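Chemist: Pasting run-v6.pdb here (PDB, C-alpha atoms):
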```
ATOM      1  CA  MET A  30      14.118 -59.832  48.935
ATOM      2  CA  LEU A  31      11.757 -58.539  46.272
ATOM      3  CA  HIS A  32      10.260 -56.098  48.765
ATOM      4  CA  LYS A  33      13.699 -54.776  49.588
ATOM      5  CA  LEU A  34      14.455 -54.357  45.904
ATOM      6  CA  ALA A  35      11.167 -52.530  45.374
ATOM      7  CA  ASP A  36      11.945 -50.251  48.333
ATOM      8  CA  LEU A  37      15.370 -49.549  46.907
ATOM      9  CA  ILE A  38      13.948 -48.687  43.480
ATOM     10  CA  ASN A  39      11.343 -46.495  45.139
ATOM     11  CA  MET A  40      13.995 -44.678  47.146
ATOM     12  CA  PHE A  41      16.164 -44.281  44.050
ATOM     13  CA  ASN A  42      13.208 -42.846  42.129
ATOM     14  CA  LEU A  43      12.488 -40.364  44.905
ATOM     15  CA  VAL A  44      16.127 -39.329  45.171
ATOM     16  CA  THR A  45      16.378 -39.036  41.384
ATOM     17  CA  LEU A  46      13.148 -37.060  41.236
ATOM     18  CA  ASP A  47      14.358 -34.704  43.970
ATOM     19  CA  ARG A  48      17.631 -34.164  42.178
ATOM     20  CA  LEU A  49      15.934 -33.620  38.854
ATOM     21  CA  MET A  50      13.541 -31.114  40.369
ATOM     22  CA  ILE A  51      16.349 -29.205  42.056
ATOM     23  CA  GLY A  52      18.348 -29.307  38.822
ATOM     24  CA  GLY A  53      15.352 -28.169  36.774
ATOM     25  CA  SER A  54      14.570 -25.338  39.179
ATOM     26  CA  ALA A  55      18.195 -24.222  39.140
ATOM     27  CA  LEU A  56      18.127 -24.234  35.334
ATOM     28  CA  PHE A  57      15.041 -22.027  35.255
ATOM     29  CA  VAL A  58      16.517 -19.635  37.833
ATOM     30  CA  LEU A  59      19.612 -19.436  35.636
ATOM     31  CA  ILE A  60      17.471 -18.706  32.565
ATOM     32  CA  VAL A  61      15.608 -15.945  34.407
ATOM     33  CA  LEU A  62      18.923 -14.458  35.565
ATOM     34  CA  ILE A  63      20.429 -14.516  32.069
ATOM     35  CA  PHE A  64      17.282 -12.960  30.660
ATOM     36  CA  TRP A  65      17.228 -10.257  33.337
ATOM     37  CA  ILE A  66      20.905  -9.399  32.857
ATOM     38  CA  THR A  67      20.645  -9.242  29.058
ATOM     39  CA  ARG A  68      17.565  -7.071  29.319
ATOM     40  CA  ARG A  69      19.365  -4.714  31.686
ATOM     41  CA  LYS A  70      22.342  -4.505  29.357
ATOM     42  CA  GLY A  71      20.141  -3.840  26.373
ATOM     43  CA  ARG A  72      19.736  -0.289  25.218
ATOM     44  CA  SER A  73      15.991  -0.475  25.338
ATOM     45  CA  SER A  74      13.197  -2.786  26.215
ATOM     46  CA  ASP A  75       9.943  -2.897  24.330
ATOM     47  CA  ALA A  76       8.105  -1.423  27.287
ATOM     48  CA  ALA A  77      10.364   1.630  27.153
ATOM     49  CA  TRP A  78       9.569   2.684  23.616
ATOM     50  CA  LEU A  79       6.190   1.125  22.840
ATOM     51  CA  PRO A  80       3.936   4.057  21.855
ATOM     52  CA  PRO A  81       0.342   4.373  23.142
ATOM     53  CA  GLU A  82      -1.020   3.437  19.688
ATOM     54  CA  LEU A  83       0.630   0.009  19.930
ATOM     55  CA  GLN A  84      -0.096  -0.712  23.599
ATOM     56  CA  GLY A  85      -3.105  -2.899  22.832
ATOM     57  CA  ALA A  86      -1.874  -4.020  19.428
ATOM     58  CA  ARG A  87      -0.800  -7.547  18.609
ATOM     59  CA  LEU A  88       2.701  -8.209  17.324
ATOM     60  CA  ILE A  89       2.002 -10.417  14.337
ATOM     61  CA  GLY A  90       5.345 -10.359  12.565
ATOM     62  CA  VAL A  91       9.037 -10.181  13.428
ATOM     63  CA  GLU A  92      11.450  -9.927  10.492
ATOM     64  CA  SER A  93       8.491 -10.551   8.211
ATOM     65  CA  ASP A  94       9.270 -11.283   4.571
ATOM     66  CA  LEU A  95       6.990  -9.204   2.377
ATOM     67  CA  SER A  96       6.781  -9.466  -1.370
ATOM     68  CA  LEU A  97       4.884  -7.967  -4.227
ATOM     69  CA  ARG A  98       4.451  -9.393  -7.718
ATOM     70  CA  GLY A  99       2.867  -7.564 -10.611
ATOM     71  CA  GLU A 100       3.627  -4.149 -11.995
ATOM     72  CA  PHE A 101       6.664  -4.077  -9.699
ATOM     73  CA  ASN A 102       8.411  -7.055  -8.192
ATOM     74  CA  ILE A 103       9.615  -6.182  -4.721
ATOM     75  CA  ASN A 104      10.940  -8.139  -1.761
ATOM     76  CA  GLY A 105      11.511  -6.753   1.692
ATOM     77  CA  ARG A 106      11.914  -7.714   5.303
ATOM     78  CA  LEU A 107      10.033  -5.672   7.860
ATOM     79  CA  ASP A 108      11.407  -5.497  11.427
ATOM     80  CA  ARG A 109       8.010  -5.705  13.093
ATOM     81  CA  LEU A 110       4.408  -5.719  12.057
ATOM     82  CA  TYR A 111       1.676  -4.914  14.564
ATOM     83  CA  GLN A 112      -2.055  -5.324  14.144
ATOM     84  CA  LEU A 113      -4.369  -2.829  15.818
ATOM     85  CA  GLU A 114      -7.613  -3.903  17.431
ATOM     86  CA  ASP A 115      -9.508  -2.540  14.408
ATOM     87  CA  GLY A 116      -7.563  -4.927  12.150
ATOM     88  CA  ARG A 117      -5.244  -2.415  10.502
ATOM     89  CA  TYR A 118      -1.533  -3.166  10.267
ATOM     90  CA  VAL A 119       1.207  -0.843  11.486
ATOM     91  CA  PRO A 120       4.763  -1.265  10.141
ATOM     92  CA  VAL A 121       7.679  -0.654  12.513
ATOM     93  CA  GLU A 122      11.362  -0.315  11.670
ATOM     94  CA  ARG A 123      14.256  -0.046  14.084
ATOM     95  CA  LYS A 124      17.062   2.397  13.275
ATOM     96  CA  ASN A 125      20.410   3.161  14.871
ATOM     97  CA  HIS A 126      20.201   6.915  14.281
ATOM     98  CA  ARG A 127      22.211   9.198  16.523
ATOM     99  CA  GLN A 128      19.687  11.953  15.974
ATOM    100  CA  ALA A 129      16.135  11.757  17.259
ATOM    101  CA  ARG A 130      14.474  12.207  13.902
ATOM    102  CA  VAL A 131      12.907  10.271  11.073
ATOM    103  CA  PHE A 132      14.883  10.488   7.831
ATOM    104  CA  SER A 133      13.265  10.582   4.405
ATOM    105  CA  THR A 134      14.704   7.108   3.728
ATOM    106  CA  ASP A 135      12.888   5.734   6.814
ATOM    107  CA  LYS A 136       9.612   7.268   5.714
ATOM    108  CA  LEU A 137       9.959   5.907   2.191
ATOM    109  CA  GLN A 138      10.914   2.456   3.467
ATOM    110  CA  LEU A 139       7.871   2.229   5.748
ATOM    111  CA  SER A 140       5.671   3.596   2.960
ATOM    112  CA  ILE A 141       6.873   0.901   0.564
ATOM    113  CA  TYR A 142       5.976  -1.742   3.156
ATOM    114  CA  ARG A 143       2.560  -0.143   3.440
ATOM    115  CA  TYR A 144       2.251  -0.230  -0.352
ATOM    116  CA  ILE A 145       3.174  -3.933  -0.491
ATOM    117  CA  LEU A 146       0.731  -4.820   2.283
ATOM    118  CA  GLU A 147      -2.096  -2.828   0.714
ATOM    119  CA  CYS A 148      -1.468  -4.284  -2.736
ATOM    120  CA  ASN A 149      -1.709  -7.720  -1.104
ATOM    121  CA  GLY A 150      -5.126  -6.803   0.292
ATOM    122  CA  HIS A 151      -4.256  -5.882   3.877
ATOM    123  CA  PRO A 152      -5.592  -2.734   5.555
ATOM    124  CA  VAL A 153      -2.748  -0.539   6.803
ATOM    125  CA  ALA A 154      -2.812   2.475   9.130
ATOM    126  CA  PRO A 155      -1.656   5.744   7.505
ATOM    127  CA  TYR A 156       1.274   5.861   9.883
ATOM    128  CA  GLY A 157       4.219   3.744  10.960
ATOM    129  CA  PHE A 158       6.910   3.937  13.626
ATOM    130  CA  VAL A 159      10.669   4.258  13.590
ATOM    131  CA  VAL A 160      12.137   2.859  16.796
ATOM    132  CA  LEU A 161      15.256   4.689  17.966
ATOM    133  CA  PRO A 162      16.821   2.569  20.718
ATOM    134  CA  HIS A 163      19.417   5.231  21.541
ATOM    135  CA  PHE A 164      16.559   7.467  22.618
ATOM    136  CA  ASN A 165      14.212   4.748  23.942
ATOM    137  CA  HIS A 166      11.612   6.218  21.687
ATOM    138  CA  ALA A 167       9.439   5.304  18.699
ATOM    139  CA  MET A 168       8.775   8.178  16.332
ATOM    140  CA  LYS A 169       5.443   8.170  14.592
ATOM    141  CA  THR A 170       5.593   9.042  10.932
ATOM    142  CA  LYS A 171       2.869   9.705   8.425
ATOM    143  CA  LEU A 172       3.262   7.385   5.466
ATOM    144  CA  TYR A 173       3.108   8.263   1.788
ATOM    145  CA  ASP A 174      -0.009   7.175  -0.067
ATOM    146  CA  ARG A 175      -0.136   4.600  -2.847
ATOM    147  CA  ASP A 176       0.104   7.069  -5.726
ATOM    148  CA  TYR A 177       3.201   8.684  -4.310
ATOM    149  CA  VAL A 178       4.947   5.344  -3.709
ATOM    150  CA  ARG A 179       3.933   4.092  -7.150
ATOM    151  CA  ASN A 180       5.504   7.169  -8.760
ATOM    152  CA  ARG A 181       8.682   6.625  -6.768
ATOM    153  CA  LEU A 182       8.808   3.014  -7.915
ATOM    154  CA  LYS A 183       8.315   4.099 -11.524
ATOM    155  CA  ARG A 184      11.167   6.560 -11.175
ATOM    156  CA  TYR A 185      13.364   3.826  -9.684
ATOM    157  CA  ALA A 186      12.546   1.538 -12.620
ATOM    158  CA  LEU A 187      13.494   4.282 -15.083
ATOM    159  CA  LEU A 188      16.680   4.989 -13.147
ATOM    160  CA  ARG A 189      17.745   1.351 -13.205
ATOM    161  CA  ALA A 190      16.925   1.153 -16.906
ATOM    162  CA  GLY A 191      19.145   4.153 -17.551
ATOM    163  CA  GLN A 192      16.273   6.202 -18.932
ATOM    164  CA  ILE A 193      16.648   9.171 -16.595
ATOM    165  CA  ASP A 194      19.602  11.095 -15.244
ATOM    166  CA  PRO A 195      20.317  10.406 -11.581
ATOM    167  CA  LYS A 196      20.105  13.116  -8.986
ATOM    168  CA  ARG A 197      23.429  13.593  -7.234
ATOM    169  CA  GLU A 198      23.831  14.366  -3.600
ATOM    170  CA  SER A 199      26.260  17.089  -2.742
ATOM    171  CA  ASN A 200      25.847  17.350   0.998
ATOM    172  CA  GLY A 201      27.602  15.563   3.853
ATOM    173  CA  LYS A 202      26.424  12.099   2.746
ATOM    174  CA  CYS A 203      29.265  11.898   0.194
ATOM    175  CA  THR A 204      31.953  11.741   2.875
ATOM    176  CA  LYS A 205      30.704   8.271   3.835
ATOM    177  CA  CYS A 206      30.321   7.068   0.236
ATOM    178  CA  SER A 207      32.822   4.702  -1.340
ATOM    179  CA  HIS A 208      32.073   6.222  -4.766
ATOM    180  CA  ALA A 209      32.947   9.775  -3.687
ATOM    181  CA  ASN A 210      36.074   9.826  -5.871
ATOM    182  CA  ARG A 211      34.143   8.743  -8.953
ATOM    183  CA  CYS A 212      31.636  11.564  -8.512
ATOM    184  CA  ALA A 213      34.410  14.109  -7.936
ATOM    185  CA  ALA A 214      36.130  12.985 -11.122
TER     186      ALA A 214
ATOM    187  CA  MET B  27      11.205  -0.535 -17.770
ATOM    188  CA  GLY B  28      12.669  -3.855 -16.643
ATOM    189  CA  ARG B  29       9.498  -4.859 -14.870
ATOM    190  CA  SER B  30      10.407  -8.511 -14.530
ATOM    191  CA  LYS B  31      13.387  -7.668 -12.308
ATOM    192  CA  THR B  32      12.879  -8.091  -8.571
ATOM    193  CA  TRP B  33      14.204  -5.339  -6.315
ATOM    194  CA  SER B  34      14.670  -5.260  -2.609
ATOM    195  CA  VAL B  35      13.129  -2.480  -0.554
ATOM    196  CA  THR B  36      16.670  -1.633   0.610
ATOM    197  CA  GLU B  37      17.779  -1.086  -3.001
ATOM    198  CA  ILE B  38      14.848   1.188  -3.728
ATOM    199  CA  VAL B  39      15.348   3.201  -0.569
ATOM    200  CA  ALA B  40      19.037   3.634  -1.435
ATOM    201  CA  ALA B  41      17.892   5.806  -4.344
ATOM    202  CA  GLU B  42      16.346   8.174  -1.836
ATOM    203  CA  TYR B  43      19.802   8.498  -0.302
ATOM    204  CA  CYS B  44      21.553   9.155  -3.622
ATOM    205  CA  GLU B  45      20.447   8.089  -7.092
ATOM    206  CA  GLN B  46      23.976   8.372  -8.459
ATOM    207  CA  LYS B  47      25.177   5.914  -5.803
ATOM    208  CA  VAL B  48      22.584   3.390  -6.974
ATOM    209  CA  LEU B  49      24.009   3.476 -10.485
ATOM    210  CA  HIS B  50      27.598   3.339  -9.223
ATOM    211  CA  ASP B  51      26.698   0.360  -7.029
ATOM    212  CA  GLN B  52      25.118  -1.300 -10.050
ATOM    213  CA  ARG B  53      28.201  -0.693 -12.163
ATOM    214  CA  TYR B  54      31.098  -1.034  -9.684
ATOM    215  CA  GLY B  55      29.525  -2.949  -6.818
ATOM    216  CA  ASN B  56      28.627  -1.730  -3.364
ATOM    217  CA  ARG B  57      31.804  -1.480  -1.281
ATOM    218  CA  PRO B  58      31.033   0.241   2.009
ATOM    219  CA  THR B  59      33.775   2.313   3.618
ATOM    220  CA  ARG B  60      35.372   1.040   6.851
ATOM    221  CA  GLU B  61      33.361   3.520   8.843
ATOM    222  CA  ALA B  62      30.164   2.307   7.189
ATOM    223  CA  GLN B  63      31.162  -1.336   7.769
ATOM    224  CA  ARG B  64      31.727  -0.679  11.481
ATOM    225  CA  ALA B  65      28.379   1.089  11.759
ATOM    226  CA  MET B  66      26.720  -1.835   9.962
ATOM    227  CA  ARG B  67      28.272  -4.355  12.365
ATOM    228  CA  ASP B  68      27.111  -2.379  15.414
ATOM    229  CA  GLY B  69      23.699  -1.948  13.857
ATOM    230  CA  GLN B  70      23.410  -5.666  13.141
ATOM    231  CA  ARG B  71      24.192  -6.581  16.742
ATOM    232  CA  ASP B  72      21.528  -4.227  18.072
ATOM    233  CA  HIS B  73      19.172  -5.335  15.364
ATOM    234  CA  ASP B  74      19.571  -8.981  16.423
ATOM    235  CA  ARG B  75      18.679  -8.012  19.975
ATOM    236  CA  PHE B  76      15.593  -6.194  18.725
ATOM    237  CA  GLU B  77      14.616  -9.324  16.809
ATOM    238  CA  ARG B  78      15.091 -11.559  19.868
ATOM    239  CA  ASP B  79      12.990  -9.185  21.995
ATOM    240  CA  GLY B  80      10.305  -9.241  19.334
ATOM    241  CA  LEU B  81      10.266 -13.022  19.138
ATOM    242  CA  ALA B  82      10.051 -13.248  22.936
ATOM    243  CA  GLN B  83       7.180 -10.770  22.947
ATOM    244  CA  GLN B  84       5.448 -12.645  20.160
ATOM    245  CA  ALA B  85       5.881 -15.942  21.970
ATOM    246  CA  GLY B  86       4.472 -14.340  25.135
ATOM    247  CA  GLN B  87       1.263 -13.563  23.251
ATOM    248  CA  ASP B  88       1.128 -17.105  22.060
ATOM    249  CA  SER B  89      -0.993 -19.726  23.739
ATOM    250  CA  ARG B  90       1.670 -22.374  23.129
ATOM    251  CA  CYS B  91       3.808 -23.773  25.869
ATOM    252  CA  TYR B  92       6.994 -24.773  24.080
ATOM    253  CA  ILE B  93       8.671 -27.265  26.371
ATOM    254  CA  ALA B  94       5.485 -28.919  27.643
ATOM    255  CA  THR B  95       4.178 -29.149  24.066
ATOM    256  CA  ALA B  96       7.442 -30.723  22.943
ATOM    257  CA  VAL B  97       7.492 -33.368  25.665
ATOM    258  CA  PHE B  98       3.776 -34.055  26.316
ATOM    259  CA  GLY B  99       2.015 -32.811  23.176
ATOM    260  CA  GLY B 100      -0.067 -29.702  22.521
ATOM    261  CA  ASP B 101      -3.348 -30.977  23.956
ATOM    262  CA  ALA B 102      -2.032 -33.165  26.755
ATOM    263  CA  ILE B 103      -3.503 -32.797  30.244
ATOM    264  CA  GLU B 104      -0.089 -31.823  31.619
ATOM    265  CA  THR B 105       0.352 -29.103  28.991
ATOM    266  CA  ASN B 106      -3.074 -27.680  29.780
ATOM    267  CA  GLU B 107      -2.380 -27.749  33.528
ATOM    268  CA  LEU B 108       0.831 -25.827  32.974
ATOM    269  CA  ARG B 109      -1.017 -23.336  30.766
ATOM    270  CA  ASP B 110      -3.587 -22.847  33.525
ATOM    271  CA  TRP B 111      -0.810 -22.239  36.024
ATOM    272  CA  ARG B 112       0.748 -19.693  33.652
ATOM    273  CA  ASP B 113      -2.514 -17.870  32.907
ATOM    274  CA  ASN B 114      -4.143 -17.998  36.338
ATOM    275  CA  TRP B 115      -1.205 -17.594  38.652
ATOM    276  CA  LEU B 116       2.097 -16.630  37.019
ATOM    277  CA  SER B 117       0.670 -13.900  34.788
ATOM    278  CA  LEU B 118      -0.944 -12.193  37.794
ATOM    279  CA  HIS B 119       2.415 -11.291  39.350
ATOM    280  CA  SER B 120       5.130  -9.077  37.907
ATOM    281  CA  ALA B 121       7.832 -11.623  38.793
ATOM    282  CA  GLY B 122       5.687 -14.288  37.158
ATOM    283  CA  ARG B 123       5.329 -12.243  33.996
ATOM    284  CA  ALA B 124       9.121 -11.790  33.928
ATOM    285  CA  PHE B 125       9.441 -15.544  34.293
ATOM    286  CA  ILE B 126       7.014 -16.107  31.396
ATOM    287  CA  GLN B 127       9.019 -13.738  29.203
ATOM    288  CA  ALA B 128      12.257 -15.453  30.192
ATOM    289  CA  TYR B 129      10.697 -18.825  29.501
ATOM    290  CA  TYR B 130       9.547 -17.824  26.032
ATOM    291  CA  TRP B 131      12.876 -16.203  25.352
ATOM    292  CA  ALA B 132      14.826 -19.343  26.208
ATOM    293  CA  SER B 133      12.489 -22.230  25.528
ATOM    294  CA  PRO B 134      12.654 -22.417  21.699
ATOM    295  CA  THR B 135      16.435 -22.839  21.992
ATOM    296  CA  LEU B 136      16.075 -25.320  24.852
ATOM    297  CA  VAL B 137      13.583 -27.409  22.889
ATOM    298  CA  LYS B 138      16.021 -27.584  19.963
ATOM    299  CA  LEU B 139      18.818 -28.492  22.382
ATOM    300  CA  PHE B 140      16.787 -31.234  24.079
ATOM    301  CA  ALA B 141      15.997 -32.726  20.680
ATOM    302  CA  HIS B 142      19.700 -33.517  20.298
ATOM    303  CA  ILE B 143      20.159 -35.062  23.748
ATOM    304  CA  PRO B 144      18.957 -38.655  23.978
ATOM    305  CA  GLY B 145      16.602 -39.156  26.913
ATOM    306  CA  ALA B 146      16.303 -35.434  27.621
ATOM    307  CA  ASN B 147      12.579 -35.403  26.955
ATOM    308  CA  SER B 148      11.916 -38.160  29.448
ATOM    309  CA  VAL B 149      13.944 -36.296  32.094
ATOM    310  CA  ILE B 150      11.979 -33.100  31.409
ATOM    311  CA  ARG B 151       8.725 -35.073  31.587
ATOM    312  CA  THR B 152       9.707 -36.398  35.004
ATOM    313  CA  ILE B 153      10.616 -32.910  36.245
ATOM    314  CA  LEU B 154       7.408 -31.383  34.958
ATOM    315  CA  ARG B 155       5.220 -34.174  36.352
ATOM    316  CA  GLY B 156       6.891 -33.764  39.746
ATOM    317  CA  PHE B 157       6.314 -30.042  39.515
ATOM    318  CA  LEU B 158       2.657 -30.565  38.604
ATOM    319  CA  ARG B 159       2.267 -32.866  41.618
ATOM    320  CA  LEU B 160       3.576 -30.040  43.804
ATOM    321  CA  LEU B 161       1.176 -27.613  42.142
ATOM    322  CA  GLY B 162      -1.702 -30.038  42.613
ATOM    323  CA  GLY B 163      -0.840 -30.404  46.300
ATOM    324  CA  ARG B 164      -0.710 -26.656  46.761
ATOM    325  CA  ASN B 165      -3.997 -26.153  44.928
ATOM    326  CA  HIS B 166      -5.696 -28.847  47.008
ATOM    327  CA  ALA B 167      -4.300 -27.326  50.189
ATOM    328  CA  ALA B 168      -5.720 -23.964  49.125
TER     329      ALA B 168
END
```
Write out the structure in this file as structure tokens.
Modeler:
Amino acid sequence: MLHKLADLINMFNLVTLDRLMIGGSALFVLIVLIFWITRRKGRSSDAAWLPPELQGARLIGVESDLSLRGEFNINGRLDRLYQLEDGRYVPVERKNHRQARVFSTDKLQLSIYRYILECNGHPVAPYGFVVLPHFNHAMKTKLYDRDYVRNRLKRYALLRAGQIDPKRESNGKCTKCSHANRCAA
Amino acid sequence: MGRSKTWSVTEIVAAEYCEQKVLHDQRYGNRPTREAQRAMRDGQRDHDRFERDGLAQQAGQDSRCYIATAVFGGDAIETNELRDWRDNWLSLHSAGRAFIQAYYWASPTLVKLFAHIPGANSVIRTILRGFLRLLGGRNHAA
């Protein structure tokens, strides 16, 4: 009787194990399929835009929170941070631009991240990348040096303190601005 | 100069776009137009995908094995056997590398999901041990 019971349990275990293995395999196949489909639907994969400079680099940060305390207090979140084999960091930002170009805002943004990293003691390459998924391309951009960024931060501080007159834009940017009527008045 | 105030990089960069807008935002609040809101929504969706891809890539560089670590422990024999299989067999084939990427893409979510299902870890352990037995058999046969 006990032998029969043991056989039954054994058989049950085998059947259960078989089922679990089939179920587990099916789950993994499903995961691979979902992953493959979402990658195909995506506008770009990393392999498509990754520039030669970052091919051997290590991705050390995704949505990295960076902060600086001292003369200026700044917080920011960097899309990606790579580390080259020589130890230097390279900041990367993704942008939805419809034109294949780096805007001055992109360059300043990456340069501020460089400034924060350097002020925190990290070595940073003199360039960064703007990833443009619509073009499957990462555009390399030379970053501003510390003195330049520091001057821009000083100007921003003066602007916010109301100690300097703001520069007004008068080109096409205003059409998208919710304050356009205020400026016109 | 208001040095104690903390600014975001986004705020500072907005001044590059238009300094007057920065002051208007400060005074009246930042109310994006509908067109800008739509662009922001689209941008956020794509941005989330970029983040997920990045996390998957980062996990792929990682020596961890999420599910095995969760159910067996980081230094368990089973976890190390699965790592060996990943590094010495899966990673040598393009389909295997795709599988690794898919695994790292999905496994953090799966681990969180399993944590909420009573008994899930023991089921996963059974599956993985069975799988390792198969691997062992194949390796011995080879």
Chemist: From the set B:Glu107, B:Asp101, B:Glu37, B:Glu42, which residue has the shortest atom-to-atom contact distance to Leu154 of chain B, counting all atoms listed in the file?
Modeler: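 For Leu154 of chain B, the nearest of the candidates is B:Glu107.
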Chemist: Quick one: which residues end up in the PyMOL selection byres ((chain B) within 6 of (chain A)) for this structure, as a list of chain:residue names?
Modeler: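 Checked against the file, the PyMOL selection byres ((chain B) within 6 of (chain A)) matches B:Met27, B:Arg29, B:Thr32, B:Trp33, B:Ser34, B:Val35, B:Val39, B:Glu42, B:Cys44, B:Glu45, B:Gln46, B:Pro58, B:Thr59, B:Gln84, B:Ala128, B:Ile153.
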Chemist: What does the file look like for those residues with C-alpha atoms, as a short mmCIF file (atom, residue, chain, number, x, y, z; two decimals), in the frame of the given file?
Modeler:
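Output below, filename again13.cif:
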```
data_model
loop_
_atom_site.label_atom_id
_atom_site.label_comp_id
_atom_site.auth_asym_id
_atom_site.auth_seq_id
_atom_site.Cartn_x
_atom_site.Cartn_y
_atom_site.Cartn_z
CA MET B 27 11.20 -0.54 -17.77
CA ARG B 29 9.50 -4.86 -14.87
CA THR B 32 12.88 -8.09 -8.57
CA TRP B 33 14.20 -5.34 -6.32
CA SER B 34 14.67 -5.26 -2.61
CA VAL B 35 13.13 -2.48 -0.55
CA VAL B 39 15.35 3.20 -0.57
CA GLU B 42 16.35 8.17 -1.84
CA CYS B 44 21.55 9.15 -3.62
CA GLU B 45 20.45 8.09 -7.09
CA GLN B 46 23.98 8.37 -8.46
CA PRO B 58 31.03 0.24 2.01
CA THR B 59 33.78 2.31 3.62
CA GLN B 84 5.45 -12.64 20.16
CA ALA B 128 12.26 -15.45 30.19
CA ILE B 153 10.62 -32.91 36.24
#
```
Chemist: To one decimal in Å, tell me the separation between atom CA of Arg78 of chain B and atom CA of Leu110 of chain A.
Modeler: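 According to the coordinates, atom CA of Arg78 of chain B and atom CA of Leu110 of chain A are separated by 14.5 Å.
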Chemist: One decimal, in Å: what's the spacing between atom CA of Leu161 of chain A and atom CA of Thr36 of chain B?
Modeler: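 Here the two named atoms are 18.5 Å from each other.
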Chemist: Take atom CA of Gln84 of chain A and atom CA of Gly157 of chain A and report the distance between them in Å, one decimal.
Modeler: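 Distance between the two atoms: 14.1 Å.
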Chemist: Pick out the closest residue to Val119 of chain A from this set: A:Tyr156, A:Trp78, A:Tyr177, A:Phe164. Count all atoms listed in the file.
Modeler: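 Comparing A:Tyr156, A:Trp78, A:Tyr177, A:Phe164 against Val119 of chain A, the winner is A:Tyr156.
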Chemist: Taking all atoms listed in the file into account, which of A:Arg175, A:Asn180, A:Leu83, A:Ala55 comes nearest Cys148 of chain A?
Modeler: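 Distance minimum relative to Cys148 of chain A lands on A:Arg175.
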Chemist: List the residues matched by the PyMOL selection byres ((chain A and resi 80) around 9) in the displayed structure as a PyMOL selection string, ordered by chain and then by residue number.
Modeler: chain A and resi 76-79+81-84+158+166-169
Chemist: Write out, as a compact mmCIF listing (two decimals), in the coordinates of the input, the residues just selected, with C-alpha atoms.
Modeler:
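So the final result, stored in selection_26.txt, reads:
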```txt
# COMPACT_ATOMS: atom_id res chain seq x y z
CA ALA A 76 8.10 -1.42 27.29
CA ALA A 77 10.36 1.63 27.15
CA TRP A 78 9.57 2.68 23.62
CA LEU A 79 6.19 1.12 22.84
CA PRO A 81 0.34 4.37 23.14
CA GLU A 82 -1.02 3.44 19.69
CA LEU A 83 0.63 0.01 19.93
CA GLN A 84 -0.10 -0.71 23.60
CA PHE A 158 6.91 3.94 13.63
CA HIS A 166 11.61 6.22 21.69
CA ALA A 167 9.44 5.30 18.70
CA MET A 168 8.78 8.18 16.33
CA LYS A 169 5.44 8.17 14.59
```
